[in-house]
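S.K.: My questions all concern the structure below.
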Amino acid sequence: MFKNRFKTLICFTVALVFILPDLCCADYDYIDINSPSMRKIPLAIPVFKSIASNSTEARFSKKASDLLAETLDFTGYLNIQDRKAFLSDPQKDGITTQSINFQNWTVIGSELLITGGVLMKGGTVQMELRLFDTFKGTLIVGKRYKGGMIHQRQMIRRFCSEVIYHLTGNKGFFNSKIAFVSRNSKRKEIYVCDFDGYGSKRFTFINSISFFPSWSSDGNRLAYTSYKNGKPDIYIQSFTEKQIYQINKKGINMTPSWAPNTDALAATLSFSGDQEIYLLTGKGKVIKKLTNNRGIDISPTWSPDGKRLAFVSDRAGSPQIFTKDFRTSRVKRLTFKGKYNTQPSWSPKGDKLAYTGRGNGNLNIYVIGVDGKGLAQLTQNSGSNESPTWSPDGSLIAFSSTREGPSRIYVMTAYGTDQRRLLAMPGEQTNPKWSPEVNN
Amino acid sequence: MKNNGKAIVHLPGMPGKGPRTMYASFTVSVICHLLFLTVLIFVPGLKIPKRTSHSVIHVNMVARPAKGTPAGTRYRAVLKKSAAKTKKTSEGVSLKTVSAAPKKKAKSINKKPVTHSKSTIEELKNEAEASRPGDVTDAIERIKNQVNETDARRRSVENSDKELAGVEDGVAGGSGTGAGLSVDILTLYTYEIKDLVQQNWAYSEQLADAKSDLQTFLVFEVLPNGEIRDIWFTEKSGNRYLDESAYKAVIKSKPFPPHPVELSRPVVEVPLRFSPEGLLD
């Protein structure tokens, strides 16, 4: 009997030991917050401090701080705060951690703060830029740049890259460029501009129709299609060398796409009598056939790891996007919604594809997961929207649109927000292609 | 001493007293433990929250913009309206009582008050006024809707049999002032605080690397004057950016409105679950 009581006691004690923690540490009745009011992070950029306090320096400081604000605003996920709301003036209060009263910034909602100091001596400019976490009251990154006045934009962009790197862990897109096609009268030429539309320059001078530009991984070459010889052929042109390579086999040669990190590209050739996608060297020699199906296979785009290829094929009866995995040689249809889905562009993170699809008579930009899930329409009710291309960090998508009449190049976030025009030029602009992020 | 194949354990300090004495001692020990554990179960306030970071915050910032009505007036209005609207309101709200466990005494960090221009203060006041719900009725409706949308409602319904009997009677009669009514006011108050925090929550999916299944849990204590006494994470998301954005949202929202006069509590705990799932489909 004593033994039985003893066993009961032991069991009771063990049970209590297991139950007690749950009783004592029962969960709170949490209230859910799952919809943030702000999708952009408030960032304060006061006018940079003029260290020598002269008018030339003050003008330069204002211009440089405005440029920094514009450049970071381009990311689409930072909210540059109105300077009228600022309670502190770095010109008087200072720009270093010790001299900043961070409460003056947190009280107006700033989560990040960038201060700058400018010192001009002779023809050179020295710029000190610091990014702070206002809530922690700590310096995140600080850099000092020195150069001529003409290097202002370059210095600002370098610091922007530092800011984005410290906030997101990637290099951003501030050293990238965008190639596009601009049409004047009957000619279409390839142009290149900075990521923000600044400094556009003509790249081809063929006086014909050129389109479908594609960047090499090192950003030094562009492959494109041109009707220079009366039919579509592929041209490979360097930014630094004069020599131009041609792929001008019998039939059509078009839609080149550079493979990642190799001197090779995929393109559609029809010398065999059927339009198939081939792998070619950077000088235009055929390495091997990548697709093998009766019908049209066109517009290849590589996954970032180079192990898969997406392309457009009419093998299902209408233009649809397919993917081919080179490890298994398996071809899979990706798009099923709509009867016209083209111009795929693989995201730099490798998880999504953007493409152009037709629905209700209009062309629009869509995004879909590589597994075929998560289809999202990013543009709507705004003319025809075509040719999506991802920024190197995958945060933005450039595309062409006729929403304002003639076709222009626009940019939006990868979620379809913040759609804005990139640049204004005479004629029409189409076929944007974003370059890789290249260190300069 | 017989040895029937059993091992005999001699407790220290009791040599040679035999197994009966040992069993007796053991029984006394078990009973004492049980008593202690039982006391632990029935004495409230033993919930010890996990405080992983940001242990104590007591920062004096600028005073909250003055409101048209003195503290507590609004809640009296809410009280009258909710009483007039039958017992439906009280059924729809979460009824969990907040633990009154003794907390670690908060450290006070006195920081220099911010000085700024009068016009800027006026602008801030205007902005703050504009961002506040203007009409009490709207506020009640909004809070009621939000209450209905959360799991808190389900849990409150489950617990309502036990905890709400007195509340229903009291509210329906229009003169109840018991614990149930206090809970009703408490819920309205915590949901207003939640609203303020949500208005100040800035979150970018790009900075957080766009993972929709993240969530972070934090709790903070609001003193009767609306100041925050303490914030702690009960569970972090593993994503530093989300955790920090939630923490900043709370700090940016303070000071909160003072406790309603009907709410006689030394402190109100507000547990919040932040999840960016609303951003992505």
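Every chain in the structure tokens takes a letter, A first, then B, and so on in the order presented; its residues are numbered from 1, and the ligands are numbered from 1 following the presented order.
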Compile the contact shell of segment 40-51 of chain A as JSON, numbers by chain: residues with an atom at most 8 Å away, counting only C-alpha atoms, same-chain residues fewer than 5 positions apart removed.

M.R.: {"A": [57, 58, 61, 62, 64, 65, 66, 69, 76, 77, 78, 79, 80, 81, 82, 83, 86, 89, 90, 91, 94, 95, 105, 109, 110, 111, 112, 113, 114, 115, 116, 117, 118, 119], "B": [202, 203, 204]}

S.K.: Can you check which residues of chain B have any atom within 6 Å of chain A? Use only C-alpha atoms and format it as a list of chain:residue names.

M.R.: B:Leu46, B:Lys47, B:Gln198, B:Gln199, B:Trp201, B:Ala202, B:Tyr203, B:Ser204, B:Leu207, B:Pro271, B:Leu272, B:Arg273, B:Phe274, B:Ser275, B:Pro276, B:Glu277, B:Gly278

S.K.: Put those residues in a file: C-alpha atoms, as an mmCIF file, in the first residue's frame.

M.R.:
data_model
loop_
_atom_site.group_PDB
_atom_site.id
_atom_site.type_symbol
_atom_site.label_atom_id
_atom_site.label_comp_id
_atom_site.auth_asym_id
_atom_site.auth_seq_id
_atom_site.Cartn_x
_atom_site.Cartn_y
_atom_site.Cartn_z
ATOM 1 C CA LEU B 46 4.545 34.059 -11.918
ATOM 2 C CA LYS B 47 4.704 34.456 -15.624
ATOM 3 C CA GLN B 198 0.360 50.491 -36.503
ATOM 4 C CA GLN B 199 0.291 54.072 -37.800
ATOM 5 C CA TRP B 201 5.065 50.986 -38.267
ATOM 6 C CA ALA B 202 7.317 51.471 -41.289
ATOM 7 C CA TYR B 203 8.330 48.232 -42.943
ATOM 8 C CA SER B 204 9.889 47.606 -46.318
ATOM 9 C CA LEU B 207 14.885 45.584 -46.596
ATOM 10 C CA PRO B 271 1.088 42.341 -26.306
ATOM 11 C CA LEU B 272 1.518 42.773 -30.064
ATOM 12 C CA ARG B 273 2.281 40.364 -32.888
ATOM 13 C CA PHE B 274 3.878 42.037 -35.894
ATOM 14 C CA SER B 275 3.706 40.179 -39.161
ATOM 15 C CA PRO B 276 4.300 41.528 -42.658
ATOM 16 C CA GLU B 277 1.969 38.907 -44.131
ATOM 17 C CA GLY B 278 -0.460 41.659 -45.121
#

S.K.: Pick out the residues sitting within 7 Å of Leu263 of chain B, and hand them over as a PDB file with C-alpha atoms, in the first residue's frame; count only C-alpha atoms, and ignore anything fewer than 2 positions along from it in its own chain.

M.R.:
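This went into part.pdb:
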ATOM      1  CA  SER B 182     -12.980  47.577 -16.589  1.00  0.00           C
ATOM      2  CA  ILE B 185     -12.383  49.721 -21.276  1.00  0.00           C
ATOM      3  CA  LEU B 186      -9.046  47.976 -21.105  1.00  0.00           C
ATOM      4  CA  HIS B 259      -5.162  55.480 -18.937  1.00  0.00           C
ATOM      5  CA  PRO B 260      -8.915  56.062 -18.874  1.00  0.00           C
ATOM      6  CA  VAL B 261      -9.988  57.120 -15.373  1.00  0.00           C
ATOM      7  CA  ARG B 265      -4.408  49.719 -12.965  1.00  0.00           C
TER       8      ARG B 265
END

S.K.: Out of segment 5-113 of chain A, which residues get strand (DSSP E or B) from DSSP, as a list in words?

M.R.: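 Those in segment 5-113 of chain A that DSSP calls strand (DSSP E or B) are Ile31, Asp32, Ile33, Met38, Ile41, Pro42, Leu43, Ala44, Lys49, Ser50, Leu78, Asn79, Ile80, Leu112 and Leu113 of chain A.
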
S.K.: Using N, CA and C atoms, can you export the residues from the last selection as a compact mmCIF listing (two decimals), in the first residue's frame?

M.R.:
# COMPACT_ATOMS: atom_id res chain seq x y z
N ILE A 31 -2.33 41.01 -29.93
CA ILE A 31 -3.11 41.74 -30.92
C ILE A 31 -2.27 41.79 -32.20
N ASP A 32 -2.91 41.44 -33.32
CA ASP A 32 -2.17 41.35 -34.57
C ASP A 32 -1.99 42.70 -35.24
N ILE A 33 -0.78 42.93 -35.71
CA ILE A 33 -0.52 44.06 -36.60
C ILE A 33 0.15 43.47 -37.83
N MET A 38 3.38 52.35 -43.24
CA MET A 38 4.38 52.90 -44.16
C MET A 38 5.16 51.76 -44.79
N ILE A 41 10.86 53.45 -45.67
CA ILE A 41 11.51 53.80 -44.42
C ILE A 41 11.86 55.29 -44.41
N PRO A 42 11.40 56.00 -43.39
CA PRO A 42 11.66 57.45 -43.33
C PRO A 42 13.15 57.75 -43.17
N LEU A 43 13.66 58.52 -44.12
CA LEU A 43 15.08 58.88 -44.13
C LEU A 43 15.20 60.41 -44.21
N ALA A 44 15.96 60.97 -43.30
CA ALA A 44 16.18 62.42 -43.30
C ALA A 44 17.54 62.73 -43.93
N LYS A 49 26.58 70.20 -44.61
CA LYS A 49 27.23 71.32 -43.95
C LYS A 49 28.37 71.86 -44.82
N SER A 50 28.38 73.16 -44.97
CA SER A 50 29.48 73.80 -45.68
C SER A 50 30.56 74.09 -44.64
N LEU A 78 12.70 53.89 -49.75
CA LEU A 78 13.09 54.89 -48.76
C LEU A 78 12.23 56.13 -48.96
N ASN A 79 11.71 56.64 -47.88
CA ASN A 79 10.89 57.85 -47.94
C ASN A 79 11.74 59.04 -47.51
N ILE A 80 12.12 59.87 -48.48
CA ILE A 80 12.96 61.02 -48.16
C ILE A 80 12.07 62.09 -47.54
N LEU A 112 16.25 56.81 -40.22
CA LEU A 112 17.64 56.90 -40.70
C LEU A 112 17.95 58.37 -40.96
N LEU A 113 19.22 58.70 -40.83
CA LEU A 113 19.66 60.09 -41.04
C LEU A 113 20.99 60.06 -41.79

S.K.: Excluding segment 151-160 of chain A and its own-chain neighbours fewer than 2 positions away, which residues fall within 9 Å of it when counting only C-alpha atoms? Please give them as a short mmCIF file (atom, residue, chain, number, x, y, z; two decimals) with N, CA and C atoms, in the first residue's frame.

M.R.:
data_model
loop_
_atom_site.label_atom_id
_atom_site.label_comp_id
_atom_site.auth_asym_id
_atom_site.auth_seq_id
_atom_site.Cartn_x
_atom_site.Cartn_y
_atom_site.Cartn_z
N ALA A 64 24.49 68.74 -53.86
CA ALA A 64 24.91 67.37 -53.57
C ALA A 64 23.90 66.66 -52.67
N SER A 65 23.36 67.38 -51.68
CA SER A 65 22.39 66.73 -50.78
C SER A 65 21.09 66.43 -51.53
N LEU A 67 20.92 65.75 -54.73
CA LEU A 67 21.22 64.61 -55.61
C LEU A 67 21.20 63.31 -54.82
N LEU A 68 21.74 63.34 -53.62
CA LEU A 68 21.73 62.14 -52.77
C LEU A 68 20.28 61.72 -52.47
N THR A 71 18.68 60.24 -55.59
CA THR A 71 19.23 58.93 -55.93
C THR A 71 18.70 57.85 -55.01
N LEU A 72 18.62 58.15 -53.71
CA LEU A 72 18.11 57.14 -52.78
C LEU A 72 16.60 56.98 -52.91
N VAL A 125 37.08 68.77 -54.24
CA VAL A 125 35.97 68.74 -53.28
C VAL A 125 36.19 67.56 -52.35
N MET A 127 34.17 65.41 -49.51
CA MET A 127 32.83 65.22 -49.00
C MET A 127 32.83 64.11 -47.95
N LEU A 129 30.37 61.83 -45.68
CA LEU A 129 28.96 61.42 -45.61
C LEU A 129 28.79 60.34 -44.55
N ARG A 130 27.74 60.50 -43.74
CA ARG A 130 27.51 59.53 -42.65
C ARG A 130 26.04 59.10 -42.62
N GLY A 142 30.21 55.52 -42.54
CA GLY A 142 30.70 56.86 -42.83
C GLY A 142 31.81 56.78 -43.86
N LYS A 143 31.81 57.67 -44.84
CA LYS A 143 32.83 57.65 -45.90
C LYS A 143 33.28 59.06 -46.21
N TYR A 145 35.03 61.21 -49.39
CA TYR A 145 35.37 61.15 -50.81
C TYR A 145 36.08 62.44 -51.20
N LYS A 146 37.00 62.30 -52.15
CA LYS A 146 37.76 63.45 -52.61
C LYS A 146 37.84 63.40 -54.14
N GLY A 147 37.59 64.50 -54.78
CA GLY A 147 37.67 64.52 -56.25
C GLY A 147 37.35 65.89 -56.77
N GLY A 148 37.28 65.96 -58.11
CA GLY A 148 36.93 67.23 -58.73
C GLY A 148 35.42 67.46 -58.62
N MET A 149 35.01 68.68 -58.96
CA MET A 149 33.58 68.99 -58.87
C MET A 149 32.77 68.13 -59.83
N GLU A 162 26.97 52.24 -50.70
CA GLU A 162 27.32 51.87 -49.32
C GLU A 162 26.07 51.81 -48.44
N VAL A 163 25.21 52.79 -48.60
CA VAL A 163 23.99 52.85 -47.80
C VAL A 163 23.15 51.59 -48.03
N ILE A 164 22.93 51.28 -49.30
CA ILE A 164 22.07 50.14 -49.62
C ILE A 164 22.74 48.83 -49.19
N TYR A 165 24.05 48.79 -49.33
CA TYR A 165 24.75 47.57 -48.90
C TYR A 165 24.58 47.35 -47.39
N GLY A 172 23.02 46.94 -54.58
CA GLY A 172 22.09 47.87 -55.21
C GLY A 172 22.27 47.92 -56.71
N PHE A 174 23.39 51.20 -58.25
CA PHE A 174 23.83 52.57 -58.54
C PHE A 174 24.98 52.66 -59.54
N ASN A 175 25.57 51.52 -59.87
CA ASN A 175 26.60 51.52 -60.92
C ASN A 175 26.12 50.81 -62.17
#

S.K.: From the DSSP assignment of the backbone, select every residue of segment 97-242 of chain A that is alpha helix (DSSP H), and format the answer as JSON, numbers by chain.

M.R.: {"A": [103, 104, 105, 106, 152, 153, 154, 155, 156, 157, 158, 159, 160, 161, 162, 163, 164, 165, 166, 167, 168]}

S.K.: Between atom CA of Leu223 of chain B and atom CA of Pro266 of chain B, what is the distance, to one decimal in Å?

M.R.: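 So the answer is 6.5 Å.
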
S.K.: Compile the contact shell of Thr342 of chain A as a PyMOL selection string: residues with an atom at most 9 Å away, counting only C-alpha atoms, same-chain residues fewer than 5 positions apart removed.

M.R.: chain A and resi 299+311-313+319-321+355-358+387
